[in-house]
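Next comes run-v6.tsv, with TSV, C-alpha atoms.
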```tsv
chain	number	residue	atom	x	y	z
H	35	MET	CA	23.30	70.60	-28.30
H	36	ASN	CA	22.60	67.78	-30.71
H	37	GLU	CA	18.80	67.59	-30.72
H	38	LYS	CA	18.75	64.31	-32.61
H	39	ILE	CA	20.64	62.54	-29.82
H	40	LEU	CA	18.54	64.30	-27.19
H	41	LEU	CA	15.39	62.98	-28.85
H	42	GLU	CA	16.79	59.44	-28.96
H	43	ALA	CA	17.92	59.66	-25.35
H	44	VAL	CA	14.56	60.97	-24.17
H	45	VAL	CA	12.65	58.23	-25.95
H	46	LEU	CA	15.05	55.58	-24.62
H	47	ALA	CA	14.64	56.89	-21.08
H	48	GLY	CA	10.86	56.77	-21.46
H	49	GLU	CA	10.96	53.30	-22.92
H	50	ILE	CA	13.09	51.88	-20.09
H	51	MET	CA	10.85	53.41	-17.44
H	52	LEU	CA	7.63	52.32	-19.10
H	53	VAL	CA	8.76	48.74	-19.70
H	54	SER	CA	10.04	48.51	-16.12
H	55	GLY	CA	6.59	49.32	-14.78
H	56	ALA	CA	6.64	53.05	-13.94
H	57	GLU	CA	3.37	54.98	-14.00
H	58	VAL	CA	2.62	56.90	-17.18
H	59	TYR	CA	2.59	60.34	-15.58
H	60	ARG	CA	6.03	59.70	-14.07
H	61	VAL	CA	7.39	58.66	-17.47
H	62	GLU	CA	5.99	61.78	-19.13
H	63	ASP	CA	7.28	63.93	-16.29
H	64	THR	CA	10.84	62.62	-16.64
H	65	MET	CA	10.79	62.98	-20.42
H	66	ASN	CA	9.46	66.55	-20.25
H	67	HIS	CA	12.12	67.51	-17.73
H	68	MET	CA	14.84	66.23	-20.05
H	69	LEU	CA	13.28	67.95	-23.06
H	70	ARG	CA	13.38	71.30	-21.30
H	71	ARG	CA	17.08	71.51	-22.15
H	72	SER	CA	16.41	71.51	-25.89
H	73	SER	CA	16.43	74.71	-27.92
H	74	TYR	CA	13.11	73.90	-29.61
H	75	GLU	CA	10.13	76.03	-28.72
H	76	THR	CA	7.44	73.39	-28.34
H	77	THR	CA	7.99	69.85	-27.18
H	78	GLU	CA	5.23	67.30	-26.80
H	79	THR	CA	5.32	63.81	-25.36
H	80	VAL	CA	2.57	61.24	-25.49
H	81	VAL	CA	3.03	57.97	-23.62
H	82	PHE	CA	0.72	55.01	-23.97
H	83	SER	CA	1.45	51.75	-22.28
H	84	THR	CA	2.34	50.20	-25.65
H	85	GLY	CA	4.12	53.10	-27.32
H	86	ILE	CA	5.87	56.46	-26.96
H	87	PHE	CA	5.55	59.51	-29.22
H	88	VAL	CA	7.79	62.57	-28.91
H	89	THR	CA	7.82	65.55	-31.18
H	90	LEU	CA	9.89	68.76	-31.18
H	91	ASP	CA	8.80	71.82	-33.12
H	92	ASP	CA	10.08	75.33	-33.66
H	93	PRO	CA	9.08	78.23	-35.94
H	94	VAL	CA	12.51	78.38	-37.55
H	95	LYS	CA	13.58	74.71	-37.50
H	96	GLU	CA	12.36	71.52	-39.04
H	97	PRO	CA	10.10	69.56	-36.68
H	98	MET	CA	11.35	66.20	-35.40
H	99	THR	CA	9.24	63.26	-34.31
H	100	LEU	CA	10.21	59.89	-32.91
H	101	ILE	CA	7.82	57.01	-32.31
H	102	LYS	CA	8.74	53.90	-30.37
H	103	ARG	CA	6.74	50.77	-29.83
H	104	THR	CA	7.39	49.14	-26.47
H	105	PRO	CA	6.69	45.42	-26.35
H	106	GLY	CA	7.46	43.14	-23.41
H	107	ARG	CA	7.37	44.38	-19.86
H	108	SER	CA	8.49	43.19	-16.45
H	109	THR	CA	8.89	45.11	-13.21
H	110	ASN	CA	12.47	46.29	-12.74
H	111	ILE	CA	12.75	48.95	-10.06
H	112	ASN	CA	16.51	49.29	-10.42
H	113	ARG	CA	16.18	50.54	-14.00
H	114	ILE	CA	13.56	53.12	-13.01
H	115	TYR	CA	15.93	54.26	-10.28
H	116	LEU	CA	18.93	54.51	-12.62
H	117	VAL	CA	17.02	56.38	-15.33
H	118	ASN	CA	15.82	58.81	-12.69
H	119	GLU	CA	19.42	59.41	-11.55
H	120	ILE	CA	20.63	59.96	-15.13
H	121	SER	CA	17.81	62.33	-15.99
H	122	ARG	CA	18.42	64.34	-12.82
H	123	SER	CA	22.12	64.78	-13.47
H	124	PHE	CA	21.36	65.61	-17.11
H	125	CYS	CA	18.82	68.25	-16.09
H	126	ARG	CA	21.28	69.74	-13.62
H	127	GLY	CA	23.78	69.97	-16.47
H	128	ASP	CA	26.32	67.61	-14.88
H	129	ILE	CA	26.53	65.40	-17.97
H	130	THR	CA	26.17	66.10	-21.68
H	131	VAL	CA	23.47	64.60	-23.83
H	132	GLU	CA	25.93	62.14	-25.40
H	133	GLU	CA	27.03	60.88	-22.00
H	134	ALA	CA	23.40	60.57	-20.89
H	135	TYR	CA	22.55	58.57	-24.01
H	136	GLU	CA	25.49	56.21	-23.44
H	137	LYS	CA	24.50	55.69	-19.81
H	138	LEU	CA	20.89	55.05	-20.76
H	139	LYS	CA	21.99	52.43	-23.27
H	140	GLU	CA	23.89	50.66	-20.51
H	141	THR	CA	20.89	50.91	-18.18
H	142	ALA	CA	18.59	49.26	-20.72
H	143	THR	CA	20.26	45.88	-20.20
H	144	VAL	CA	21.57	46.10	-16.63
H	145	ILE	CA	20.69	43.16	-14.40
H	146	GLN	CA	21.55	43.56	-10.76
H	147	TYR	CA	20.94	40.12	-9.35
H	148	GLY	CA	22.18	37.09	-11.28
H	149	PRO	CA	20.06	34.07	-12.21
H	150	TRP	CA	20.90	32.24	-8.98
H	151	LEU	CA	19.75	35.08	-6.74
H	152	ARG	CA	16.58	35.34	-8.81
H	153	ALA	CA	16.02	31.61	-8.35
H	154	LEU	CA	16.62	31.99	-4.61
H	155	GLY	CA	13.99	34.72	-4.59
H	156	LEU	CA	11.50	32.53	-6.44
H	157	VAL	CA	12.05	29.70	-3.92
H	158	GLY	CA	12.02	31.94	-0.85
H	159	VAL	CA	8.93	33.99	-1.70
H	160	PRO	CA	6.51	31.01	-1.56
H	161	PHE	CA	8.19	29.80	1.64
H	162	CYS	CA	7.67	33.16	3.35
H	163	PHE	CA	4.25	33.92	1.86
H	164	ALA	CA	2.66	30.64	3.01
H	165	PRO	CA	2.02	31.91	6.58
H	166	ILE	CA	0.01	34.85	5.21
H	167	PHE	CA	-2.39	32.46	3.54
H	168	GLY	CA	-2.77	30.49	6.73
H	169	GLY	CA	-0.10	27.86	6.17
H	170	ASN	CA	1.69	26.02	8.97
H	171	PHE	CA	5.39	25.19	8.96
H	172	LEU	CA	4.96	22.02	6.91
H	173	GLU	CA	3.10	24.00	4.26
H	174	CYS	CA	5.89	26.59	4.26
H	175	VAL	CA	8.43	23.87	3.46
H	176	ALA	CA	6.13	22.35	0.85
H	177	SER	CA	5.62	25.78	-0.75
H	178	GLY	CA	9.38	26.17	-0.83
H	179	LEU	CA	9.61	22.88	-2.72
H	180	VAL	CA	6.98	24.11	-5.18
H	181	GLY	CA	9.04	27.29	-5.45
H	182	ILE	CA	12.00	25.20	-6.63
H	183	ALA	CA	9.82	23.93	-9.47
H	184	LEU	CA	8.86	27.54	-10.23
H	185	ALA	CA	12.53	28.58	-10.32
H	186	PHE	CA	13.32	25.72	-12.71
H	187	ALA	CA	10.40	26.61	-14.96
H	188	ASP	CA	11.57	30.23	-14.90
H	189	ARG	CA	15.07	29.24	-16.02
H	190	ILE	CA	13.69	27.07	-18.83
H	191	VAL	CA	11.35	29.71	-20.27
H	192	LYS	CA	14.12	32.31	-20.08
H	193	LYS	CA	16.16	30.13	-22.46
H	194	VAL	CA	13.27	29.41	-24.83
H	195	ARG	CA	12.01	32.76	-26.01
H	196	LEU	CA	8.23	32.69	-25.55
H	197	ASN	CA	5.60	35.39	-25.23
H	198	ASP	CA	4.38	36.53	-21.81
H	199	PHE	CA	1.20	34.47	-21.86
H	200	CYS	CA	3.04	31.20	-22.48
H	201	ILE	CA	5.73	32.03	-19.91
H	202	ASN	CA	3.18	32.61	-17.15
H	203	ALA	CA	1.03	29.67	-18.16
H	204	PHE	CA	4.00	27.30	-18.19
H	205	CYS	CA	5.28	28.49	-14.79
H	206	ALA	CA	1.79	28.16	-13.27
H	207	PHE	CA	1.40	24.76	-14.89
H	208	SER	CA	4.56	23.39	-13.27
H	209	VAL	CA	3.54	24.93	-9.93
H	210	ALA	CA	0.18	23.14	-10.04
H	211	VAL	CA	1.64	19.77	-11.02
H	212	VAL	CA	4.35	19.83	-8.34
H	213	ALA	CA	1.90	21.06	-5.67
H	214	LEU	CA	-0.45	18.18	-6.46
H	215	MET	CA	2.44	15.70	-6.41
H	216	ILE	CA	3.44	16.89	-2.94
H	217	LYS	CA	-0.15	16.75	-1.72
H	218	ASN	CA	-0.85	13.28	-3.08
H	219	TRP	CA	2.44	11.48	-2.59
H	220	LEU	CA	4.43	13.30	0.10
H	221	TRP	CA	2.37	15.10	2.74
H	222	GLN	CA	-1.35	14.42	2.58
H	223	LYS	CA	-2.08	16.96	5.32
H	224	THR	CA	-1.03	20.00	3.29
H	225	SER	CA	-3.61	22.15	1.54
H	226	VAL	CA	-3.12	22.41	-2.22
H	227	ASP	CA	-4.78	25.82	-2.22
H	228	VAL	CA	-2.16	27.30	0.15
H	229	LEU	CA	0.70	25.72	-1.81
H	230	ILE	CA	-0.50	27.01	-5.17
H	231	ILE	CA	-1.54	30.51	-4.03
H	232	SER	CA	1.72	31.21	-2.21
H	233	SER	CA	3.80	29.84	-5.09
H	234	ILE	CA	2.15	31.90	-7.82
H	235	MET	CA	2.64	35.14	-5.87
H	236	PRO	CA	5.62	36.14	-8.08
H	237	LEU	CA	3.46	35.63	-11.19
H	238	VAL	CA	0.13	37.28	-10.36
H	239	PRO	CA	-0.31	40.89	-11.55
H	240	GLY	CA	-1.38	42.57	-8.31
H	241	VAL	CA	0.92	45.56	-8.74
H	242	THR	CA	0.00	45.91	-12.43
H	243	PHE	CA	-3.68	46.03	-11.54
H	244	THR	CA	-3.09	48.68	-8.90
H	245	THR	CA	-0.93	50.74	-11.27
H	246	ALA	CA	-3.72	50.48	-13.85
H	247	ILE	CA	-6.20	52.07	-11.46
H	248	ARG	CA	-3.67	54.75	-10.52
H	249	ASP	CA	-3.08	55.60	-14.19
H	250	THR	CA	-6.84	55.85	-14.64
H	251	LEU	CA	-7.18	58.15	-11.63
H	252	ASN	CA	-4.43	60.35	-13.06
H	253	GLY	CA	-6.42	60.77	-16.26
H	254	ASP	CA	-4.33	58.44	-18.46
H	255	TYR	CA	-7.36	56.45	-19.54
H	256	THR	CA	-5.76	54.67	-22.48
H	257	SER	CA	-2.81	53.39	-20.46
H	258	GLY	CA	-5.03	52.61	-17.52
H	259	SER	CA	-7.33	50.37	-19.52
H	260	ALA	CA	-4.40	48.81	-21.39
H	261	ARG	CA	-2.71	47.95	-18.09
H	262	MET	CA	-5.96	46.61	-16.71
H	263	LEU	CA	-6.26	44.30	-19.74
H	264	GLU	CA	-2.64	43.31	-19.27
H	265	ALA	CA	-3.39	42.30	-15.68
H	266	VAL	CA	-6.45	40.33	-16.78
H	267	VAL	CA	-4.51	38.51	-19.50
H	268	THR	CA	-1.67	37.69	-17.11
H	269	SER	CA	-4.01	36.28	-14.50
H	270	LEU	CA	-5.84	34.39	-17.22
H	271	ALA	CA	-2.52	32.82	-18.20
H	272	VAL	CA	-1.77	31.88	-14.59
H	273	ALA	CA	-5.25	30.48	-13.99
H	274	ALA	CA	-5.17	28.55	-17.27
H	275	GLY	CA	-1.76	27.11	-16.36
H	276	VAL	CA	-2.95	26.02	-12.92
H	277	GLY	CA	-6.20	24.63	-14.30
H	278	GLY	CA	-4.35	22.75	-17.03
H	279	GLY	CA	-1.87	21.30	-14.56
H	280	MET	CA	-4.66	20.11	-12.25
H	281	PHE	CA	-6.56	18.56	-15.12
H	282	LEU	CA	-3.50	16.77	-16.46
H	283	PHE	CA	-2.57	15.46	-13.01
H	284	GLN	CA	-6.05	14.13	-12.40
H	285	PHE	CA	-6.18	12.68	-15.89
H	286	LEU	CA	-2.86	10.83	-15.55
H	287	TRP	CA	-2.85	9.82	-11.89
H	288	GLY	CA	-6.38	10.47	-10.70
H	289	GLY	CA	-7.76	7.12	-11.77
H	290	ILE	CA	-9.48	8.20	-14.97
H	291	LEU	CA	-7.12	6.18	-17.15
H	292	TRP	CA	-6.83	3.14	-14.86
I	238	MET	CA	1.71	37.96	14.51
I	239	VAL	CA	5.36	38.92	15.02
I	240	MET	CA	6.32	35.78	13.12
I	241	GLN	CA	3.99	36.76	10.28
I	242	ILE	CA	5.44	40.26	10.03
I	243	LEU	CA	8.99	38.93	10.07
I	244	SER	CA	8.14	36.40	7.39
I	245	VAL	CA	6.60	39.15	5.25
I	246	CYS	CA	9.79	41.20	5.66
I	247	VAL	CA	11.91	38.25	4.51
I	248	ALA	CA	9.45	37.54	1.68
I	249	ILE	CA	9.67	41.12	0.40
I	250	PHE	CA	13.46	41.02	0.80
I	251	LEU	CA	13.57	37.93	-1.42
I	252	PHE	CA	10.92	39.34	-3.76
I	253	SER	CA	13.30	42.26	-4.29
I	254	ALA	CA	15.61	39.90	-6.16
I	255	VAL	CA	12.80	39.29	-8.65
I	256	LEU	CA	11.76	42.97	-8.84
I	257	GLU	CA	15.39	44.19	-8.95
I	258	VAL	CA	15.18	46.69	-6.11
I	259	PRO	CA	18.45	48.71	-5.97
I	260	ARG	CA	20.89	47.14	-3.54
I	261	ARG	CA	21.33	50.37	-1.52
I	262	HIS	CA	17.66	50.46	-0.58
I	263	LEU	CA	16.97	46.76	-0.04
I	264	PHE	CA	16.51	46.89	3.73
I	265	PHE	CA	14.17	49.85	3.66
I	266	ALA	CA	12.08	48.21	0.94
I	267	ALA	CA	11.75	45.04	3.02
I	268	ALA	CA	10.87	47.08	6.12
I	269	MET	CA	8.13	48.80	4.11
I	270	GLY	CA	6.56	45.43	3.38
I	271	GLY	CA	6.65	44.59	7.08
I	272	VAL	CA	5.06	47.91	8.05
I	273	CYS	CA	2.34	47.39	5.46
I	274	TRP	CA	1.43	43.94	6.75
I	275	TRP	CA	1.58	45.09	10.37
I	276	VAL	CA	-0.96	47.88	9.79
I	277	TYR	CA	-3.04	45.59	7.57
I	278	VAL	CA	-3.34	42.89	10.24
I	279	LEU	CA	-4.05	45.42	12.99
I	280	ILE	CA	-6.86	47.12	11.05
I	281	LEU	CA	-8.28	43.83	9.85
I	282	LYS	CA	-8.53	42.60	13.45
I	283	GLU	CA	-10.05	45.85	14.66
I	284	TRP	CA	-12.56	46.62	11.89
I	285	GLU	CA	-12.80	43.31	10.02
I	286	SER	CA	-12.83	45.06	6.66
I	287	SER	CA	-10.11	44.16	4.17
I	288	MET	CA	-10.88	47.28	2.17
I	289	SER	CA	-10.13	49.73	4.99
I	290	ALA	CA	-7.16	47.56	6.00
I	291	ALA	CA	-5.71	47.83	2.49
I	292	PHE	CA	-6.49	51.55	2.32
I	293	LEU	CA	-4.91	52.50	5.64
I	294	SER	CA	-1.87	50.23	5.29
I	295	THR	CA	-1.16	51.70	1.87
I	296	LEU	CA	-1.68	55.21	3.18
I	297	VAL	CA	0.98	54.62	5.85
I	298	VAL	CA	3.36	53.01	3.36
I	299	ALA	CA	2.83	55.75	0.77
I	300	VAL	CA	3.55	58.55	3.24
I	301	LEU	CA	6.64	56.74	4.54
I	302	SER	CA	7.80	56.09	0.95
I	303	HIS	CA	7.51	59.75	0.06
I	304	ILE	CA	9.50	60.73	3.14
I	305	LEU	CA	12.13	58.03	2.57
I	306	ALA	CA	12.39	58.95	-1.11
I	307	ARG	CA	13.29	62.51	-0.14
I	308	VAL	CA	15.66	61.48	2.61
I	309	ARG	CA	17.45	58.79	0.62
I	310	LYS	CA	17.22	60.56	-2.78
I	311	ALA	CA	15.50	57.85	-4.80
I	312	PRO	CA	12.24	57.69	-6.73
I	313	VAL	CA	9.17	56.89	-4.63
I	314	THR	CA	8.56	53.69	-6.62
I	315	VAL	CA	11.64	52.08	-5.04
I	316	PHE	CA	9.89	51.93	-1.66
I	317	LEU	CA	6.27	52.01	-2.75
I	318	VAL	CA	6.08	48.89	-4.91
I	319	PRO	CA	7.72	46.53	-2.37
I	320	GLY	CA	5.65	48.22	0.32
I	321	ILE	CA	2.26	47.54	-1.22
I	322	LEU	CA	3.14	43.99	-2.32
I	323	PRO	CA	1.68	42.21	0.74
I	324	SER	CA	-1.74	43.86	0.47
I	325	VAL	CA	-2.03	43.91	-3.33
I	326	PRO	CA	-4.89	41.63	-4.51
I	327	GLY	CA	-2.76	39.10	-6.41
I	328	ALA	CA	-4.41	36.02	-4.95
I	329	ALA	CA	-7.90	37.45	-5.42
I	330	ILE	CA	-7.41	38.28	-9.10
I	331	TYR	CA	-6.03	34.79	-9.72
I	332	ARG	CA	-8.97	33.16	-7.90
I	333	CYS	CA	-11.42	35.28	-9.86
I	334	VAL	CA	-10.15	34.04	-13.21
I	335	TYR	CA	-9.56	30.50	-11.91
I	336	TYR	CA	-13.19	30.07	-10.81
I	337	LEU	CA	-14.32	31.72	-14.02
I	338	ILE	CA	-12.70	28.98	-16.10
I	339	ARG	CA	-13.95	26.37	-13.62
I	340	ASN	CA	-17.48	27.63	-14.42
I	341	ALA	CA	-18.21	28.77	-10.85
I	342	SER	CA	-19.33	32.24	-11.79
I	343	GLN	CA	-20.74	33.20	-8.39
I	344	VAL	CA	-17.46	32.58	-6.56
I	345	SER	CA	-15.68	34.29	-9.42
I	346	THR	CA	-17.83	37.42	-9.09
I	347	HIS	CA	-17.15	37.49	-5.36
I	348	TYR	CA	-13.40	37.56	-5.98
I	349	LEU	CA	-13.77	40.06	-8.83
I	350	VAL	CA	-15.53	42.48	-6.49
I	351	GLU	CA	-12.87	41.87	-3.83
I	352	THR	CA	-10.09	42.55	-6.36
I	353	LEU	CA	-11.70	45.79	-7.49
I	354	GLN	CA	-12.33	46.93	-3.92
I	355	ILE	CA	-8.82	46.25	-2.66
I	356	ALA	CA	-7.01	47.50	-5.77
I	357	GLY	CA	-9.23	50.57	-5.77
I	358	ALA	CA	-8.53	51.24	-2.10
I	359	ILE	CA	-4.77	50.90	-2.62
I	360	ALA	CA	-4.77	53.08	-5.74
I	361	MET	CA	-6.89	55.68	-3.93
I	362	ALA	CA	-4.50	55.78	-0.97
I	363	ILE	CA	-1.47	56.25	-3.22
I	364	PHE	CA	-3.29	58.85	-5.30
I	365	ILE	CA	-4.27	60.88	-2.25
I	366	THR	CA	-0.74	60.79	-0.85
I	367	ASP	CA	0.78	61.74	-4.21
I	368	SER	CA	-1.57	64.68	-4.61
I	369	PHE	CA	-0.95	65.82	-1.06
I	370	PHE	CA	2.82	65.74	-1.48
I	371	ARG	CA	2.56	67.55	-4.81
I	372	LEU	CA	0.51	70.29	-3.19
I	373	PHE	CA	2.99	70.51	-0.34
I	374	LEU	CA	5.93	70.71	-2.78
I	375	ALA	CA	4.24	73.29	-4.97
I	376	TYR	CA	3.72	75.46	-1.90
I	377	HIS	CA	7.37	75.19	-0.89
I	378	VAL	CA	8.69	75.74	-4.40
I	379	LYS	CA	6.62	78.89	-4.60
I	380	LYS	CA	8.16	80.05	-1.35
I	381	GLY	CA	11.55	79.23	-2.83
I	382	ASP	CA	13.04	77.01	-0.14
I	383	LEU	CA	12.87	73.77	-2.13
I	384	ALA	CA	13.48	75.23	-5.57
I	385	GLY	CA	14.87	72.87	-8.17
I	386	LYS	CA	13.72	69.72	-6.43
I	387	ARG	CA	11.00	67.46	-7.74
```

As structure tokens:
Amino acid sequence: MNEKILLEAVVLAGEIMLVSGAEVYRVEDTMNHMLRRSSYETTETVVFSTGIFVTLDDPVKEPMTLIKRTPGRSTNINRIYLVNEISRSFCRGDITVEEAYEKLKETATVIQYGPWLRALGLVGVPFCFAPIFGGNFLECVASGLVGIALAFADRIVKKVRLNDFCINAFCAFSVAVVALMIKNWLWQKTSVDVLIISSIMPLVPGVTFTTAIRDTLNGDYTSGSARMLEAVVTSLAVAAGVGGGMFLFQFLWGGILW
Amino acid sequence: MVMQILSVCVAIFLFSAVLEVPRRHLFFAAAMGGVCWWVYVLILKEWESSMSAAFLSTLVVAVLSHILARVRKAPVTVFLVPGILPSVPGAAIYRCVYYLIRNASQVSTHYLVETLQIAGAIAMAIFITDSFFRLFLAYHVKKGDLAGKR
């Protein structure tokens, strides 16, 4: 077996899982399972939420180490699922390490639902989440309209390559502005709070925060605190975007200027 | 309430397009969200505590996810993440930071505590279920009837 390719494949598998939002212990577990097929005596994996370290060592061979920094993350359950499938069939011996590496490379960029389905999701989620926050039917429709703004903002920031903070802040900003427009000019009876909260549901880091606590409970303190910070920064971006949008709307149309 | 649960199911179904849930498991993922909200609303009405509501709804979802994951041969995450979405404290964490930058620190602290309570309850429920299933599996692997599975 070519250990060099195995090492690359293992690190790639870990990177895809980590970036897609899997828990640290699951990432390490998958990587260790794959590494069991190597001929090296000791294998060690260390996964932090911002980087992966793998090293192979043996009394008679040269040690090998690979380090990978993992920037940029967004939940993608399909990729976790596919990596899991590949690692299982590799561990069973159904595919060779070269085949596994090729498949993993494909998995790293696979997108299951096209941009239109994603946009449909971003419009539909606010529509369906409004009742949970106490919205009536009119507020559902209004939230759907705000969701359209969110989908547009999402398409725009996908084209312009920005960092996560700016992406979330911009999306939240457009949500706030459109929600206030609807409230002030279209349906005065709607509650801005319901519109904004249900529309930012796809942006807020609820799952990240929960995963952070789970990592911490599992003893991965570094990743746990890093994820917790990530959740705080994301919600800061969302809150700053909403706050900025509200301020701008009041400044322009709230009677401060004229 | 039925309307609410149905709307949560549809919401999670549509959310799956954003989270990229595998197509084969879409319906089960959406059903998980519905189950979660159903238990959540029931407990909230009975005990009026959002913490126990989040804990018990996640416990149910986590156990079902583990069973489904074994039946349908997929990682637990596929069902777990869509399942906990309705009860996860997304709105609370946003409100906490929002009131912080609006300089209303008392309201902000209230939501911070709520976030920590709910997220802690959810994480606890998942952690307990995970540990339980690991124990259960370890026992069976030792006996040899589930060897090779993980």

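Restricting the calculation to only C-alpha atoms, the smallest distance between I:Leu301 and any of I:Tyr331, I:Phe265, I:Trp284, I:Trp275 is found for I:Phe265.
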
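Between I:Val334 and the candidates I:Leu322, I:Ala299, I:Leu349, I:Val278, the tightest atom-to-atom separation, counting all atoms listed in the file, involves I:Leu349.
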
Option closest in space to chain H, from I:Ser294, I:Ser302, I:Thr346, I:Ser324 [counting only C-alpha atoms]: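 When distances to chain H are compared using only C-alpha atoms, the smallest one comes from I:Ser324.
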
In terms of the shortest atom-to-atom distance over only C-alpha atoms, which of H:Glu42, H:Asp91, H:Glu119, H:Glu57 is closest to H:Arg248?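 Checking each candidate against H:Arg248, we get H:Glu57 as the closest.
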
Could you jot down the atom CA of I:Gln354 to atom CA of I:Leu372 separation for me, Å, one decimal place? 26.7 Å

Counting all atoms listed in the file, which residues in chain H sit no more than 7 Å from chain I? For each one, give the nearest pair of atoms and the distance in Å, sorted by chain then residue number, as JSON lines.
```
{"residue": "H:Thr109", "atom": "CA", "partner": "I:Leu256", "partner_atom": "CA", "distance": 5.6}
{"residue": "H:Asn110", "atom": "CA", "partner": "I:Leu256", "partner_atom": "CA", "distance": 5.2}
{"residue": "H:Ile111", "atom": "CA", "partner": "I:Val258", "partner_atom": "CA", "distance": 5.2}
{"residue": "H:Asn112", "atom": "CA", "partner": "I:Pro259", "partner_atom": "CA", "distance": 4.9}
{"residue": "H:Tyr115", "atom": "CA", "partner": "I:Pro312", "partner_atom": "CA", "distance": 6.2}
{"residue": "H:Gln146", "atom": "CA", "partner": "I:Glu257", "partner_atom": "CA", "distance": 6.5}
{"residue": "H:Tyr147", "atom": "CA", "partner": "I:Ala254", "partner_atom": "CA", "distance": 6.2}
{"residue": "H:Leu151", "atom": "CA", "partner": "I:Ala254", "partner_atom": "CA", "distance": 6.4}
{"residue": "H:Arg152", "atom": "CA", "partner": "I:Ala254", "partner_atom": "CA", "distance": 5.4}
{"residue": "H:Gly155", "atom": "CA", "partner": "I:Leu251", "partner_atom": "CA", "distance": 4.5}
{"residue": "H:Gly158", "atom": "CA", "partner": "I:Leu251", "partner_atom": "CA", "distance": 6.2}
{"residue": "H:Val159", "atom": "CA", "partner": "I:Ala248", "partner_atom": "CA", "distance": 4.9}
{"residue": "H:Cys162", "atom": "CA", "partner": "I:Ala248", "partner_atom": "CA", "distance": 5.0}
{"residue": "H:Phe163", "atom": "CA", "partner": "I:Ala248", "partner_atom": "CA", "distance": 6.3}
{"residue": "H:Pro165", "atom": "CA", "partner": "I:Gln241", "partner_atom": "CA", "distance": 6.4}
{"residue": "H:Ile166", "atom": "CA", "partner": "I:Gln241", "partner_atom": "CA", "distance": 6.7}
{"residue": "H:Ile231", "atom": "CA", "partner": "I:Ala328", "partner_atom": "CA", "distance": 6.3}
{"residue": "H:Met235", "atom": "CA", "partner": "I:Gly327", "partner_atom": "CA", "distance": 6.7}
{"residue": "H:Val238", "atom": "CA", "partner": "I:Gly327", "partner_atom": "CA", "distance": 5.2}
{"residue": "H:Pro239", "atom": "CA", "partner": "I:Gly327", "partner_atom": "CA", "distance": 6.0}
{"residue": "H:Gly240", "atom": "CA", "partner": "I:Gly327", "partner_atom": "CA", "distance": 4.2}
{"residue": "H:Val241", "atom": "CA", "partner": "I:Val325", "partner_atom": "CA", "distance": 6.4}
{"residue": "H:Phe243", "atom": "CA", "partner": "I:Ala356", "partner_atom": "CA", "distance": 6.8}
{"residue": "H:Thr244", "atom": "CA", "partner": "I:Ala356", "partner_atom": "CA", "distance": 5.2}
{"residue": "H:Ile247", "atom": "CA", "partner": "I:Ala360", "partner_atom": "CA", "distance": 6.0}
{"residue": "H:Arg248", "atom": "CA", "partner": "I:Ala360", "partner_atom": "CA", "distance": 5.2}
{"residue": "H:Ser269", "atom": "CA", "partner": "I:Tyr331", "partner_atom": "CA", "distance": 5.4}
{"residue": "H:Leu270", "atom": "CA", "partner": "I:Val334", "partner_atom": "CA", "distance": 5.9}
{"residue": "H:Ala273", "atom": "CA", "partner": "I:Tyr335", "partner_atom": "CA", "distance": 4.8}
```

Nearest residue to I:Glu351 from the set I:Ala375, I:Leu281, I:Leu263, I:Ala291 (distances using all atoms listed in the file):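 So, comparing all the options, the nearest one is I:Ala291.
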
The distance between atom CA of H:Cys200 and atom CA of H:Leu263 is 16.3 Å

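One finds atom CA of H:Phe281 at 18.9 Å from atom CA of H:Gln222.
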
Rank H:Asp198, H:Glu173, H:Glu49, H:Asp227 by their smallest atom-to-atom distance to H:Ala142, using all atoms listed in the file, and report the top residue only.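 So, comparing all the options, the nearest one is H:Glu49.
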
Six-sided padding of 5 Å per side, axis-aligned box over stretch 236-251 of chain H, centre and edges in Å, one decimal, as AutoDock Vina command-line options:
```
--center_x -0.8 --center_y 46.9 --center_z -11.4 --size_x 22.8 --size_y 32.5 --size_z 16.6
```

Identify, on the basis of only C-alpha atoms, every residue whose closest approach to H:Ala185 does not exceed 12 Å; exclude the query and any residue fewer than 3 positions from it along the same chain; express the result as a PyMOL selection string. (chain H and resi 149-160+178-182+188-192+204-206+208-209+233-234+236-237) or (chain I and resi 255)

Do a neighbour search on H:Asp63 at 12 Å with all atoms listed in the file, toss out local chain neighbours closer than 6 positions, and write the hits as a ChimeraX atom specification. /H:44,47-48,51-52,56-57,69-70,78-81,118,121-122 /I:387

Near stretch 127-133 of chain H, within 9 Å and counting only C-alpha atoms, which residues show up once chain neighbours fewer than 5 positions away are dropped, as a compact mmCIF listing (two decimals) with C-alpha atoms, keeping the file's coordinate frame?
```
# COMPACT_ATOMS: atom_id res chain seq x y z
CA MET H 35 23.30 70.60 -28.30
CA ASN H 36 22.60 67.78 -30.71
CA GLU H 37 18.80 67.59 -30.72
CA ILE H 39 20.64 62.54 -29.82
CA LEU H 40 18.54 64.30 -27.19
CA ALA H 43 17.92 59.66 -25.35
CA ARG H 71 17.08 71.51 -22.15
CA ILE H 120 20.63 59.96 -15.13
CA ARG H 122 18.42 64.34 -12.82
CA LEU H 138 20.89 55.05 -20.76
```
